[in-house]
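Reviewing the structure listed below.
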Amino acid sequence: MRTFRAARPRVLLTALAAGTLLLTSACDDAAKPAREQAAGTTAPAAATPAAAPTPTPKPTGEADPALKPFYGQQVAWADCPADPQAQKAKIDISGMQCGKLHVPLDYANPAVDALDIALIKYPAAKPEQRIGSLMVNPGGPGESGVGMVKFGAKQFAGTVHDRFDVIGFDPRGTGDSSPVVCYDDKQHDALNQTDAPLDPATRRAEHVKQATEHAAACQAKAGKLLPFVGTRNTARDLDVLRAAVGDKQLNYLGISYGTYLGALYAEEFPKNTGRLILDGAVDPGQDRLDHGVDQQVGFEKSFERFAVDCVENHADTCPLGKDETKAAKKAADFLDGLYDHPLTTKDGRKLGRDQAWTGTISLLYGDEKTSWEYLRNSLGWAMMRGKGDYLLAFADDYNGRDENGHYSPLDEANSAISCADSARPAPTPEHAKAAVDRLLAEAPLISKGVTVDDYSEAGCAYWPFKTTETPHAVRAEGSAPILVVGTTGDPATPYASAEALAKGFANATLLTRVGEGHGAFGRGNSCVDEALAAYLTAGTMPAPGTRCG
């Protein structure tokens with residue numbers, strides 16, 4: 001399971017320079033399909049950016065007569081269709097049910113058009129003790145909530161699943177919910193196999209070309225959907241889902257980007273909040289460039305801690321030498337060297353610099369107990385044996401590419417939702433210089449070679465629609481108590497973001513997990529698990545200042 005996507009390491013142009021937030025979390029189970037995999041046309045010209053439709057007015061929910069047909073629907077649950085991926089992973093989904101939720105495309109004009117949201121339900125194990133439903137979102141933006149439940153059901157085992165129907169959904173524009181699709185598989189492969197140029201001027205020109213073509217491709221294939229895929233509309237879908245399953249209040253677990261969705265839900269529908277857990281928190285008020293810089297620094301620190309652990313505690317299998325002060329640089333130099341000397345993998349593709357960094361960073365989403373072992377072994381195969389299959393497999397998993405070469409709509413949904421959520425203005429020269437100075441000082445390995453020009457333009461500058469959404473603190477006055485969870489060594493959403501989110505709410509408590517990796521849910525930390533279960537089942541908040549080691 002993955003959650004909030006980070007900027008592809010060393011290729012910040014598609015994320016930081018675009019002003020989008022790309023985060024994903026890797027729960028350790030995500031490593032398995034990548035391990036198994038390792039073993040074994042030009043886009044049209046860019047359209048002229050157009051203004052987004054008139055901002056949608058704040059909905060009145062069930063009180064709005066135009067929305068009553070949506071709020072009054074009942075989900076027709078049925079057995080889920082067979083899933084070859086679940087069968088391959090030996091996951092039994094026979095006890096799960098699938099369905100669809102009908103929602104307006106545009107909440108300002110609900111009668112004009114509609115779309116269906118894909119759902120999955122893992123019914124409560126003890127229906128006689130059932131409290132209600134627990135809606136879940138794994139992050140992204142662009143990740144599948146259906147997949148989170150289908151492939152991560154064991155993480156809900158115990159008290160939570162005993163008493164809640166766990167419901168996952170694919171947010172609009174993702175998965176099986178009218179996905180934003182801009183490229184075919186061959187185009188995806190071609191883009192991912194191309195390293196960003198080293199020369200700043202050439203890199204800038206290539207960025208403009210790719211961003212322009214990307215915007216045009218998405219406009220051509222999904223233009224009708226693009227203005228309406230923002231998180232605020234997904235929050236409105238979530239309230240319709242709450243009503244459709246018969247819950248008076250929303251009980252919700254959101255991880256990483258899912259915390260942003262949860263925050264906007266609380267802002268839109270404070271009186272409808274039940275028990276909300278926001279884990280691996282995003283600070284909705286932070287400038288997008290500053291967030292991206294914090295993220296790169298977070299991954300650099302995690303990379304350094306991994307390298308020290310490799311040398312100190314795993315000398316027999318560590319490929320990074322014997323000097324812990326030089327280990328991280330040795331790994332970075334090797335990954336950088338793949339720009340000129342890529343490795344050929346079993347399927348004939350090349351492992352270049354950017355894909356190798358992507359595979360490396362994807363494993364830093366996990367913790368030191370499991371994911372760091374996979375990273376040691378993957379680097380060892382590449383550095384000592386010249387075999388890049390494992391690093392490429394983890395990069396594929398991060399990019400949404402399966403073993404058959406088919407891509408999920410993850411990346412396209414990510415850019416579409418991010419640009420619908422906010423597109424930062426062009427930073428001042430002083431702001432851009434401060435960002436680059438900090439990157440080069442605090443993340444010199446991951447951010448090697450970046451220049452002010454890489455960060456000088458407005459976010460989503462080439463996107464065909466301009467959003468009116470902007471970063472802002474979320475207060476959510478009148479909401480039920482909200483539980484925010486932060487991890488001290490989280491590289492993708494640094495701990496300070498959890499502190500800021502909790503402080504911004506009118507009624508929230510911060511629970512701290514001390515450790516590595518992105519997010520606390522599903523890590524096997526009994527202190528965290530017990531606290532989450534007590535809050536969900538009894539409404540009992542952990543004591544302020546609680547830290548789980």
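Lettering and numbering for the structure tokens are positional, with chains as A, B, ... in the shown order, residues counted from 1 in each chain, and ligands counted from 1 in the shown order.
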
For this session: Please identify all polymer residues within 7 Å of A:Thr470, counting only C-alpha atoms, omitting same-chain residues fewer than 2 positions from it, and present them as a list in words.
Result: Ser422, Thr468 and His472 of chain A

Go through stretch 159-400 of chain A and collect every residue that DSSP, computed from the backbone, puts in strand (DSSP E or B); the answer should be as a PDB file with C-alpha atoms, in the first residue's frame.
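Result file is states-v2.pdb:
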```
ATOM      1  CA  PHE A 164     -16.704  -1.312  11.329  1.00  0.00           C
ATOM      2  CA  ASP A 165     -17.512  -1.944   7.711  1.00  0.00           C
ATOM      3  CA  VAL A 166     -14.249  -0.800   6.135  1.00  0.00           C
ATOM      4  CA  ILE A 167     -15.097   1.022   2.896  1.00  0.00           C
ATOM      5  CA  GLY A 168     -12.590   2.042   0.255  1.00  0.00           C
ATOM      6  CA  PHE A 169     -13.337   4.212  -2.757  1.00  0.00           C
ATOM      7  CA  THR A 174      -8.574   7.781 -10.237  1.00  0.00           C
ATOM      8  CA  SER A 177     -13.828   6.228 -11.039  1.00  0.00           C
ATOM      9  CA  LEU A 250     -18.292  10.267   8.889  1.00  0.00           C
ATOM     10  CA  ASN A 251     -15.718   7.946  10.432  1.00  0.00           C
ATOM     11  CA  TYR A 252     -12.572   8.197   8.349  1.00  0.00           C
ATOM     12  CA  LEU A 253      -8.936   7.137   8.079  1.00  0.00           C
ATOM     13  CA  GLY A 254      -6.860   9.226   5.686  1.00  0.00           C
ATOM     14  CA  ILE A 255      -3.166   8.669   5.127  1.00  0.00           C
ATOM     15  CA  THR A 273     -17.596  14.693  11.283  1.00  0.00           C
ATOM     16  CA  GLY A 274     -17.436  11.620  13.456  1.00  0.00           C
ATOM     17  CA  ARG A 275     -14.048  10.109  14.260  1.00  0.00           C
ATOM     18  CA  LEU A 276     -11.398  11.294  11.815  1.00  0.00           C
ATOM     19  CA  ILE A 277      -7.822   9.949  11.847  1.00  0.00           C
ATOM     20  CA  LEU A 278      -5.367  11.931   9.722  1.00  0.00           C
ATOM     21  CA  ASP A 279      -2.057  10.054   9.551  1.00  0.00           C
ATOM     22  CA  LEU A 343      22.131  -1.006 -16.516  1.00  0.00           C
ATOM     23  CA  THR A 344      20.204  -3.339 -18.806  1.00  0.00           C
ATOM     24  CA  LYS A 350      17.422   0.381 -19.077  1.00  0.00           C
ATOM     25  CA  LEU A 351      17.884   1.441 -15.463  1.00  0.00           C
TER      26      LEU A 351
END
```

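Nearest-residue note for A:His406: choosing from A:Asp185, A:His518, A:Ile446, A:Arg385, the minimum distance belongs to A:Asp185, counting only C-alpha atoms.
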
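By only C-alpha atoms, and with residues fewer than 5 positions from A:Trp77 along its chain excluded, the set lying at most 9 Å from it is Gln97, Cys98, Gly99, Lys100, Leu119, Ile120 and Lys121 of chain A.
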
Could you write those residues out with C-alpha atoms, as a PDB file, in the first residue's frame?
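Saved file again.pdb follows:
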```
ATOM      1  CA  GLN A  97     -18.521  -6.518  -1.651  1.00  0.00           C
ATOM      2  CA  CYS A  98     -18.261  -3.983  -4.456  1.00  0.00           C
ATOM      3  CA  GLY A  99     -20.565  -1.232  -5.641  1.00  0.00           C
ATOM      4  CA  LYS A 100     -20.892   2.197  -7.249  1.00  0.00           C
ATOM      5  CA  LEU A 119     -16.491   1.240  -3.953  1.00  0.00           C
ATOM      6  CA  ILE A 120     -15.454  -1.799  -1.951  1.00  0.00           C
ATOM      7  CA  LYS A 121     -16.734  -2.906   1.454  1.00  0.00           C
TER       8      LYS A 121
END
```

For this session: Return the single residue from A:Asn507, A:Gln296, A:Thr360, A:Asn525 that is closest to A:Gln155, with distances computed using only C-alpha atoms.
Result: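 The answer is A:Asn525, which sits nearest to A:Gln155.
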
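The coordinates place atom CA of A:Val245 at 13.3 Å from atom CA of A:Arg130.
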
Exercise. Would you give me, as a PyMOL selection string, the residues in stretch 85-197 of chain A that DSSP reads as alpha helix (DSSP H)?
Worked result: chain A and resi 85-88+145-152+159-163+185-192

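The list of residues with at least one atom within 7 Å of A:Cys548, based on only C-alpha atoms and without residues fewer than 4 positions apart in the same chain, reads A:Thr512, A:Arg513, A:Val514, A:Cys527, A:Val528.
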
How would the residues just picked look written out with C-alpha atoms as a PDB file, in the first residue's frame?
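So the final result, stored in again_20.pdb, reads:
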```pdb
ATOM      1  CA  THR A 512       3.391  10.968  17.726  1.00  0.00           C
ATOM      2  CA  ARG A 513       5.088   7.841  16.445  1.00  0.00           C
ATOM      3  CA  VAL A 514       8.853   7.866  16.978  1.00  0.00           C
ATOM      4  CA  CYS A 527       0.992   1.736  21.008  1.00  0.00           C
ATOM      5  CA  VAL A 528      -0.295   3.389  17.827  1.00  0.00           C
TER       6      VAL A 528
END
```

Problem set entry | Shortest interatomic distance to A:Asp290 - which of A:Leu191, A:Val484, A:Ala434, A:Ala216, counting only C-alpha atoms | A:Ala434

Extract, using only C-alpha atoms, all DNA, RNA and protein residues at most 9 Å from A:Arg236, discarding same-chain residues fewer than 2 positions from it, and format them as a short mmCIF file (atom, residue, chain, number, x, y, z; two decimals) with C-alpha atoms, in the first residue's frame.
```
data_model
loop_
_atom_site.label_atom_id
_atom_site.label_comp_id
_atom_site.auth_asym_id
_atom_site.auth_seq_id
_atom_site.Cartn_x
_atom_site.Cartn_y
_atom_site.Cartn_z
CA PRO A 59 -22.87 22.99 -1.00
CA GLY A 61 -25.54 18.87 1.30
CA VAL A 103 -22.31 11.68 -7.83
CA TYR A 107 -21.91 20.21 -7.71
CA THR A 231 -10.14 17.38 -3.56
CA ARG A 232 -12.98 19.68 -2.51
CA ASN A 233 -15.31 17.86 -4.90
CA THR A 234 -14.02 14.52 -3.60
CA LEU A 238 -17.42 11.53 0.58
CA ASP A 239 -20.39 13.19 2.24
CA VAL A 240 -22.75 11.66 -0.32
CA LEU A 241 -21.15 8.27 0.42
CA TYR A 265 -14.14 17.39 4.53
CA GLU A 268 -16.93 21.67 4.34
CA PHE A 269 -19.00 19.51 6.71
#
```

For this session: Calculate how many Å separate atom CA of A:Pro464 from atom CA of A:Gly230, rounding to one decimal.
Result: 14.2 Å

Exercise. Which is closer to A:Ser418 than all the others in A:Tyr183, A:Tyr398, A:Tyr260, A:Phe299, using only C-alpha atoms?
Worked result: A:Tyr260

Exercise. If we count only C-alpha atoms, what is near A:Ala533 at a cut-off of 7 Å, once residues fewer than 3 positions away on the same chain are taken out, given as a list in words?
Worked result: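 In the requested form, the answer reads Thr159, Val160, Asp529, Glu530, Leu536 and Thr537 of chain A.
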
Problem set entry | Interatomic distance (Å, one decimal) between atom CA of A:Gly152 and atom CA of A:Asn137 |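 It comes out at 11.8 Å.
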